[in-house]
>>> print(open('input-v9.cif').read())   # mmCIF, C-alpha atoms
data_target
#
loop_
_atom_site.label_atom_id
_atom_site.label_comp_id
_atom_site.auth_asym_id
_atom_site.auth_seq_id
_atom_site.Cartn_x
_atom_site.Cartn_y
_atom_site.Cartn_z
CA ILE J 1 9.46 -13.76 26.38
CA ASN J 2 10.43 -16.25 29.04
CA GLY J 3 8.67 -19.54 29.51
CA ASN J 4 8.96 -21.95 32.40
CA ASP J 5 10.03 -25.54 32.81
CA SER J 6 6.60 -26.85 31.86
CA ASP J 7 6.87 -25.10 28.48
CA SER J 8 9.96 -27.01 27.43
CA GLY J 9 7.93 -29.75 25.79
CA ASN J 10 5.55 -27.61 23.75
CA GLY J 11 7.96 -27.17 20.83
CA LEU J 12 7.70 -23.38 20.87
CA MET J 13 10.94 -22.51 22.62
CA THR J 14 14.26 -21.56 21.07
CA ASP J 15 16.48 -24.63 21.24
CA ASN J 16 18.08 -25.22 24.64
CA THR J 17 16.44 -22.12 26.17
CA ASN J 18 13.23 -21.06 27.89
CA TYR J 19 12.69 -18.22 25.40
CA LEU J 20 9.48 -18.32 23.38
CA ASN J 21 10.45 -18.41 19.69
CA SER J 22 8.24 -16.15 17.55
CA THR J 23 8.93 -18.08 14.33
CA LYS J 24 7.81 -21.32 15.94
CA VAL J 25 4.69 -19.60 17.26
CA ILE J 26 3.79 -18.44 13.74
CA ASN J 27 4.35 -21.93 12.36
CA ARG J 28 2.05 -23.32 15.03
CA PHE J 29 -0.59 -20.81 13.92
CA ILE J 30 -0.16 -21.98 10.33
CA THR J 31 -0.79 -25.62 11.23
CA LYS J 32 -4.00 -24.67 13.08
CA LEU J 33 -5.38 -22.40 10.35
CA SER J 34 -6.13 -25.40 8.13
CA ASP J 35 -9.07 -26.15 10.42
CA LEU J 36 -10.93 -23.06 9.17
CA GLN J 37 -14.01 -23.77 7.05
CA ASP J 38 -12.99 -21.62 4.05
CA TYR J 39 -9.30 -22.48 4.32
CA SER J 40 -7.33 -22.44 1.07
CA LYS J 41 -3.70 -21.88 1.99
CA ALA J 42 -1.52 -20.58 4.82
CA GLU J 43 2.21 -19.89 4.85
CA MET J 44 4.90 -17.85 6.52
CA HIS J 45 4.95 -14.20 5.42
CA LYS J 46 8.11 -13.19 3.56
CA ASN J 47 9.24 -11.01 6.46
CA HIS J 48 8.77 -13.92 8.91
CA GLU J 49 6.67 -11.68 11.13
CA ALA J 50 3.20 -13.05 10.31
CA ALA J 51 1.20 -15.93 8.88
CA THR J 52 -0.44 -15.22 5.53
CA LEU J 53 -3.87 -16.80 5.15
CA GLN J 54 -5.84 -17.31 1.94
CA LEU J 55 -9.53 -18.19 2.07
CA LYS J 56 -11.61 -19.70 -0.73
CA SER J 57 -14.33 -17.08 -0.33
CA TYR J 58 -12.07 -13.99 -0.63
CA THR J 59 -9.61 -12.81 -3.26
CA TRP J 60 -7.34 -11.00 -0.79
CA ASN J 61 -4.94 -12.32 1.84
CA PHE J 62 -5.00 -11.94 5.61
CA ASP J 63 -1.81 -11.36 7.59
CA ILE J 64 -2.14 -12.85 11.06
CA VAL J 65 0.36 -11.51 13.60
CA PRO J 66 0.63 -13.19 17.03
CA CYS J 67 1.09 -10.62 19.78
CA PHE J 68 1.21 -10.25 23.52
CA TYR J 69 -0.01 -7.23 25.46
CA THR J 70 2.36 -6.29 28.27
CA ASP J 71 1.94 -4.51 31.58
CA THR J 72 4.07 -1.67 30.17
CA ASN J 73 1.26 -0.72 27.75
CA PHE J 74 3.07 -2.09 24.68
CA TYR J 75 2.50 -5.07 22.43
CA LEU J 76 5.15 -7.65 21.56
CA ILE J 77 5.12 -9.01 17.99
CA PRO J 78 7.56 -11.21 15.99
CA ASP J 79 10.69 -9.46 14.75
CA GLY J 80 11.37 -11.83 11.83
CA SER J 81 14.32 -13.60 13.43
CA GLY J 82 12.64 -15.63 16.16
CA ASN J 83 12.63 -12.90 18.78
CA TRP J 84 10.04 -10.25 19.67
CA LYS J 85 9.84 -6.49 19.26
CA ARG J 86 7.75 -3.80 20.92
CA THR J 87 5.05 -1.91 19.08
CA ASP J 88 1.77 -0.10 19.61
CA PRO J 89 -0.59 -0.22 16.60
CA ARG J 90 -2.99 2.17 18.33
CA ILE J 91 -0.53 5.00 17.73
CA ASP J 92 -0.16 4.07 14.06
CA ASN J 93 -3.91 3.81 13.55
CA GLU J 94 -4.54 7.20 15.11
CA ARG J 95 -1.79 8.81 13.06
CA ILE J 96 -2.89 7.50 9.68
CA THR J 97 -6.52 8.36 10.47
CA ASP J 98 -5.63 11.94 11.37
CA ILE J 99 -3.42 12.49 8.30
CA ASN J 100 -5.95 10.86 5.99
CA GLN J 101 -8.72 13.10 7.34
CA LYS J 102 -6.46 16.12 6.91
CA HIS J 103 -6.33 15.30 3.20
CA ASN J 104 -10.09 14.79 2.93
CA GLY J 105 -9.97 11.01 3.13
CA LYS J 106 -7.99 10.63 -0.10
CA LEU J 107 -4.60 9.61 1.24
CA LEU J 108 -5.40 5.93 1.72
CA GLU J 109 -5.98 5.39 -1.99
CA LEU J 110 -2.53 6.84 -2.63
CA VAL J 111 -0.98 4.53 -0.02
CA ARG J 112 -2.65 1.54 -1.69
CA LEU J 113 -1.36 2.61 -5.11
CA ALA J 114 2.19 3.00 -3.79
CA LYS J 115 2.01 -0.45 -2.20
CA TYR J 116 0.71 -1.89 -5.48
CA TRP J 117 3.76 -0.50 -7.29
CA ASN J 118 6.01 -1.79 -4.53
CA ASN J 119 4.58 -5.30 -4.84
CA ARG J 120 5.33 -5.45 -8.57
CA LYS J 121 8.89 -6.44 -7.65
CA VAL J 122 10.59 -4.07 -10.08
CA THR J 123 13.27 -3.69 -7.44
CA ILE J 124 13.99 -4.76 -3.86
CA ARG J 125 10.66 -4.70 -2.06
CA ILE J 126 10.23 -2.03 0.61
CA GLY J 127 8.64 -3.25 3.82
CA SER J 128 4.99 -2.26 3.92
CA TYR J 129 5.30 -0.44 7.25
CA LEU J 130 8.45 1.42 6.19
CA LEU J 131 6.77 2.53 2.96
CA GLU J 132 3.68 3.67 4.82
CA CYS J 133 5.74 5.66 7.32
CA MET J 134 7.62 7.47 4.55
CA ILE J 135 4.36 8.42 2.85
CA LEU J 136 2.82 9.65 6.10
CA GLN J 137 5.98 11.62 6.81
CA LYS J 138 5.48 13.53 3.56
CA TYR J 139 1.77 14.22 3.96
CA GLU J 140 1.89 14.98 7.67
CA SER J 141 3.71 18.25 6.88
CA LYS J 142 1.97 18.95 3.58
CA GLU J 143 -1.01 21.29 3.49
CA ALA J 144 -4.27 19.81 2.25
CA SER J 145 -5.15 20.69 -1.33
CA GLU J 146 -8.65 21.23 -2.69
CA LYS J 147 -7.54 19.77 -6.02
CA TRP J 148 -6.39 16.17 -5.66
CA TRP J 149 -5.49 14.16 -8.73
CA ILE J 150 -4.32 10.67 -7.82
CA ASP J 151 -2.02 10.37 -10.86
CA LEU J 152 -0.22 13.65 -10.13
CA GLU J 153 0.03 12.89 -6.42
CA PHE J 154 1.47 9.47 -7.19
CA ARG J 155 3.93 10.97 -9.67
CA ASP J 156 5.23 13.45 -7.09
CA LEU J 157 5.25 10.78 -4.38
CA LEU J 158 7.60 8.63 -6.47
CA LYS J 159 10.08 11.50 -6.57
CA TYR J 160 9.82 12.04 -2.82
CA LEU J 161 10.30 8.35 -2.05
CA SER J 162 13.37 8.14 -4.30
CA SER J 163 15.04 10.60 -1.94
CA ALA J 164 13.47 9.45 1.35
CA ILE J 165 14.63 5.84 0.94
CA LEU J 166 18.25 7.02 1.03
CA SER J 167 17.89 8.31 4.59
CA ASP J 168 17.09 6.73 7.93
CA VAL J 169 13.40 6.67 8.82
CA ASP J 170 12.61 7.03 12.50
CA ASP J 171 9.81 5.01 14.02
CA PRO J 172 7.03 7.59 14.62
CA LYS J 173 6.10 5.74 17.81
CA GLY J 174 9.61 6.23 19.20
CA ILE J 175 9.92 2.51 19.90
CA GLN J 176 11.92 0.75 17.18
CA GLY J 177 14.40 3.48 16.23
CA ASN J 178 15.44 3.55 12.57
CA LEU J 179 13.05 1.53 10.40
CA ASN J 180 15.22 1.66 7.26
CA SER J 181 17.51 -1.34 7.66
CA PHE J 182 18.58 -1.45 4.00
CA CYS J 183 22.29 -1.20 3.29
CA TRP J 184 23.48 1.73 1.17
CA ASP J 185 23.70 -0.30 -2.05
CA ASP J 186 20.14 -1.56 -1.65
CA ARG J 187 18.90 1.94 -0.83
CA CYS J 188 20.47 3.19 -4.07
CA LYS J 189 18.92 0.36 -6.12
CA ILE J 190 15.45 1.16 -4.75
CA SER J 191 16.01 4.90 -5.28
CA ASP J 192 17.02 4.30 -8.90
CA ALA J 193 13.86 2.23 -9.52
CA LEU J 194 11.69 4.94 -7.98
CA THR J 195 13.43 7.63 -10.05
CA ASN J 196 12.87 5.57 -13.20
CA ALA J 197 9.18 5.20 -12.34
CA TYR J 198 8.95 8.93 -11.60
CA ASN J 199 10.47 9.85 -14.97
CA LYS J 200 7.94 7.65 -16.76
CA ALA J 201 5.13 9.17 -14.69
CA VAL J 202 6.32 12.64 -15.74
CA GLU J 203 6.17 11.53 -19.39
CA ALA J 204 2.65 10.16 -18.85
CA SER J 205 1.48 13.42 -17.26
CA SER J 206 3.03 15.47 -20.06
CA LYS J 207 1.36 13.38 -22.75
CA GLU J 208 -2.02 13.78 -21.05
CA LEU J 209 -1.87 17.43 -20.01
CA ASN J 210 0.34 19.02 -22.67
CA ASP J 211 0.05 16.80 -25.74
CA LYS J 212 -3.57 15.71 -25.13
CA ASP J 213 -2.37 12.21 -26.02
CA GLN J 214 -4.38 9.99 -23.72
CA LYS J 215 -3.40 6.80 -25.49
CA GLY J 216 0.28 7.61 -25.08
CA ALA J 217 -0.28 8.55 -21.44
CA ILE J 218 -2.03 5.26 -20.70
CA MET J 219 0.71 3.25 -22.39
CA LYS J 220 3.32 5.07 -20.31
CA TRP J 221 1.38 4.45 -17.08
CA ARG J 222 1.30 0.76 -18.01
CA GLU J 223 5.10 0.85 -17.98
CA VAL J 224 4.94 2.15 -14.41
CA LEU J 225 2.09 0.05 -13.02
CA GLY J 226 2.18 -3.05 -15.22
CA ASN J 227 -0.18 -4.76 -17.60
CA ASP J 228 -3.03 -4.83 -15.09
CA PHE J 229 -3.37 -1.08 -15.63
CA PRO J 230 -6.36 -0.49 -17.96
CA GLU J 231 -5.60 -0.48 -21.66
CA TYR J 232 -6.59 2.28 -24.06
CA LYS J 233 -10.13 1.03 -24.59
CA PHE J 234 -12.28 3.87 -23.29
CA THR J 235 -12.22 7.50 -22.18
CA LEU J 236 -14.03 8.91 -19.18
CA VAL J 237 -15.02 12.58 -19.23
CA TYR J 238 -16.33 14.28 -16.09
CA LEU J 239 -18.53 17.36 -16.42
CA GLN J 240 -19.04 19.62 -13.44
CA LEU J 241 -20.43 23.11 -12.84
CA GLU J 242 -17.89 25.53 -11.37
CA ASP J 243 -20.38 26.97 -8.90
CA ASP J 244 -21.89 23.60 -7.94
CA PRO J 245 -19.14 21.01 -7.33
CA ASP J 246 -21.48 18.57 -5.58
CA TYR J 247 -22.83 17.19 -8.85
CA GLU J 248 -20.85 15.52 -11.60
CA LEU J 249 -21.76 13.85 -14.91
CA GLU J 250 -19.54 11.06 -16.16
CA LEU J 251 -19.44 10.29 -19.89
CA THR J 252 -17.81 7.13 -21.26
CA TYR J 253 -16.57 6.63 -24.80
CA ASN J 254 -15.70 3.01 -25.66
CA TYR J 255 -13.28 2.64 -28.56
CA ASP J 256 -14.26 -0.92 -29.38
CA HIS J 257 -17.83 0.19 -30.13
CA GLU J 258 -18.47 0.16 -33.88
CA ALA J 259 -20.54 3.33 -33.94
CA TYR J 260 -22.61 5.53 -31.65
CA ASP J 261 -25.91 6.16 -33.44
CA LEU J 262 -28.43 8.65 -32.15
CA GLY J 263 -29.78 7.38 -28.88
CA ASP J 264 -27.43 4.41 -28.79
CA GLY J 265 -24.76 6.16 -26.71
CA TYR J 266 -27.03 6.73 -23.70
CA GLY J 267 -26.47 4.30 -20.86
CA HIS J 268 -27.39 5.75 -17.50
CA ILE J 269 -26.94 8.65 -15.17
CA ALA J 270 -25.71 7.68 -11.71
CA VAL J 271 -26.39 9.90 -8.73
CA GLY J 272 -24.21 9.48 -5.67
CA VAL J 273 -25.81 10.33 -2.32
#
>>> encode(input="input-v9.cif", output="structure tokens")
Amino acid sequence: INGNDSDSGNGLMTDNTNYLNSTKVINRFITKLSDLQDYSKAEMHKNHEAATLQLKSYTWNFDIVPCFYTDTNFYLIPDGSGNWKRTDPRIDNERITDINQKHNGKLLELVRLAKYWNNRKVTIRIGSYLLECMILQKYESKEASEKWWIDLEFRDLLKYLSSAILSDVDDPKGIQGNLNSFCWDDRCKISDALTNAYNKAVEASSKELNDKDQKGAIMKWREVLGNDFPEYKFTLVYLQLEDDPDYELELTYNYDHEAYDLGDGYGHIAVGV
């Protein structure tokens, strides 16, 4: 992005040039975000492509990406090294919406779970967009299933990703080319971590489905997803009529309860509409 002579004093140009520096633009955003009423903290995102904002009133973070809309129908966003790259988020939004709807609206929860594992830092972190594109690549060609179990889908996704990360990943928009910029050694390290997680997920599934050992399954899932994964403190049982899948009864058994006397185990029946 070219500036003009009058921009030379605004502190946003790459040194000794008239090129607008995306890193400096993000830093300028960060200094201005402190004026927000609920401001808590703002800093440069790890990929240097956005400003990360924390507010006092929310527990989650906001990634703020400066962008410019061009007369060629593309957007320009920071590339992480002070320059700018082309993109079009409208294409991405349409794609993920279509694929999520194809799988009955259940794909997004799987994407969030995969990103949660990725953020645990058990290996080199995969870029969020690269990870999302690999997941969409798998489910774009996969037929929708009437039976969707998030744990089994996540288990199988880990295996798929362990292979997919070893290959180039083309930008589905046809703009940025190969999205997988990891060197071969880093690709192998990430693949090994995904394979290790997959093997533990297989053990967890086997304990639950074959051994009927829910405690062992939960402990194994905690090895995959960390200590924030629920401990073995309760069991949920879902009852459903085969010929009437629209209604479901959930029963909870809490292990830290001293005893369930007659009438004491009844809590509530929730009806979703």
>>> closest_residue(input="input-v9.cif", among="J:Asn119, J:Ser181, J:Asn16, J:Asn104", to="Ser145 in chain J", atoms="all atoms listed in the file")
J:Asn104
>>> atom_distance(input="input-v9.cif", atom1="CA of Lys233 in chain J", atom2="CA of Lys207 in chain J")
17.0 Å
>>> residues_near_point(input="input-v9.cif", point="(12.2, -21.1, 22.3)", cutoff="12 Å", atoms="all atoms listed in the file", output="PyMOL selection string")
chain J and resi 1-5+7-25+81-84
>>> residues_around(input="input-v9.cif", residues="Asp168 in chain J", least_positions_apart="2", cutoff="9 Å", atoms="all atoms listed in the file", output="PyMOL selection string")
chain J and resi 164-166+170+178-181
>>> atom_distance(input="input-v9.cif", atom1="CA of Glu49 in chain J", atom2="CA of Tyr160 in chain J")
27.7 Å
>>> closest_residue(input="input-v9.cif", among="J:Glu248, J:Lys215, J:Leu209, J:Arg28", to="Pro230 in chain J", atoms="all atoms listed in the file")
J:Lys215
>>> atom_distance(input="input-v9.cif", atom1="CA of Lys147 in chain J", atom2="CA of Asn196 in chain J")
25.9 Å
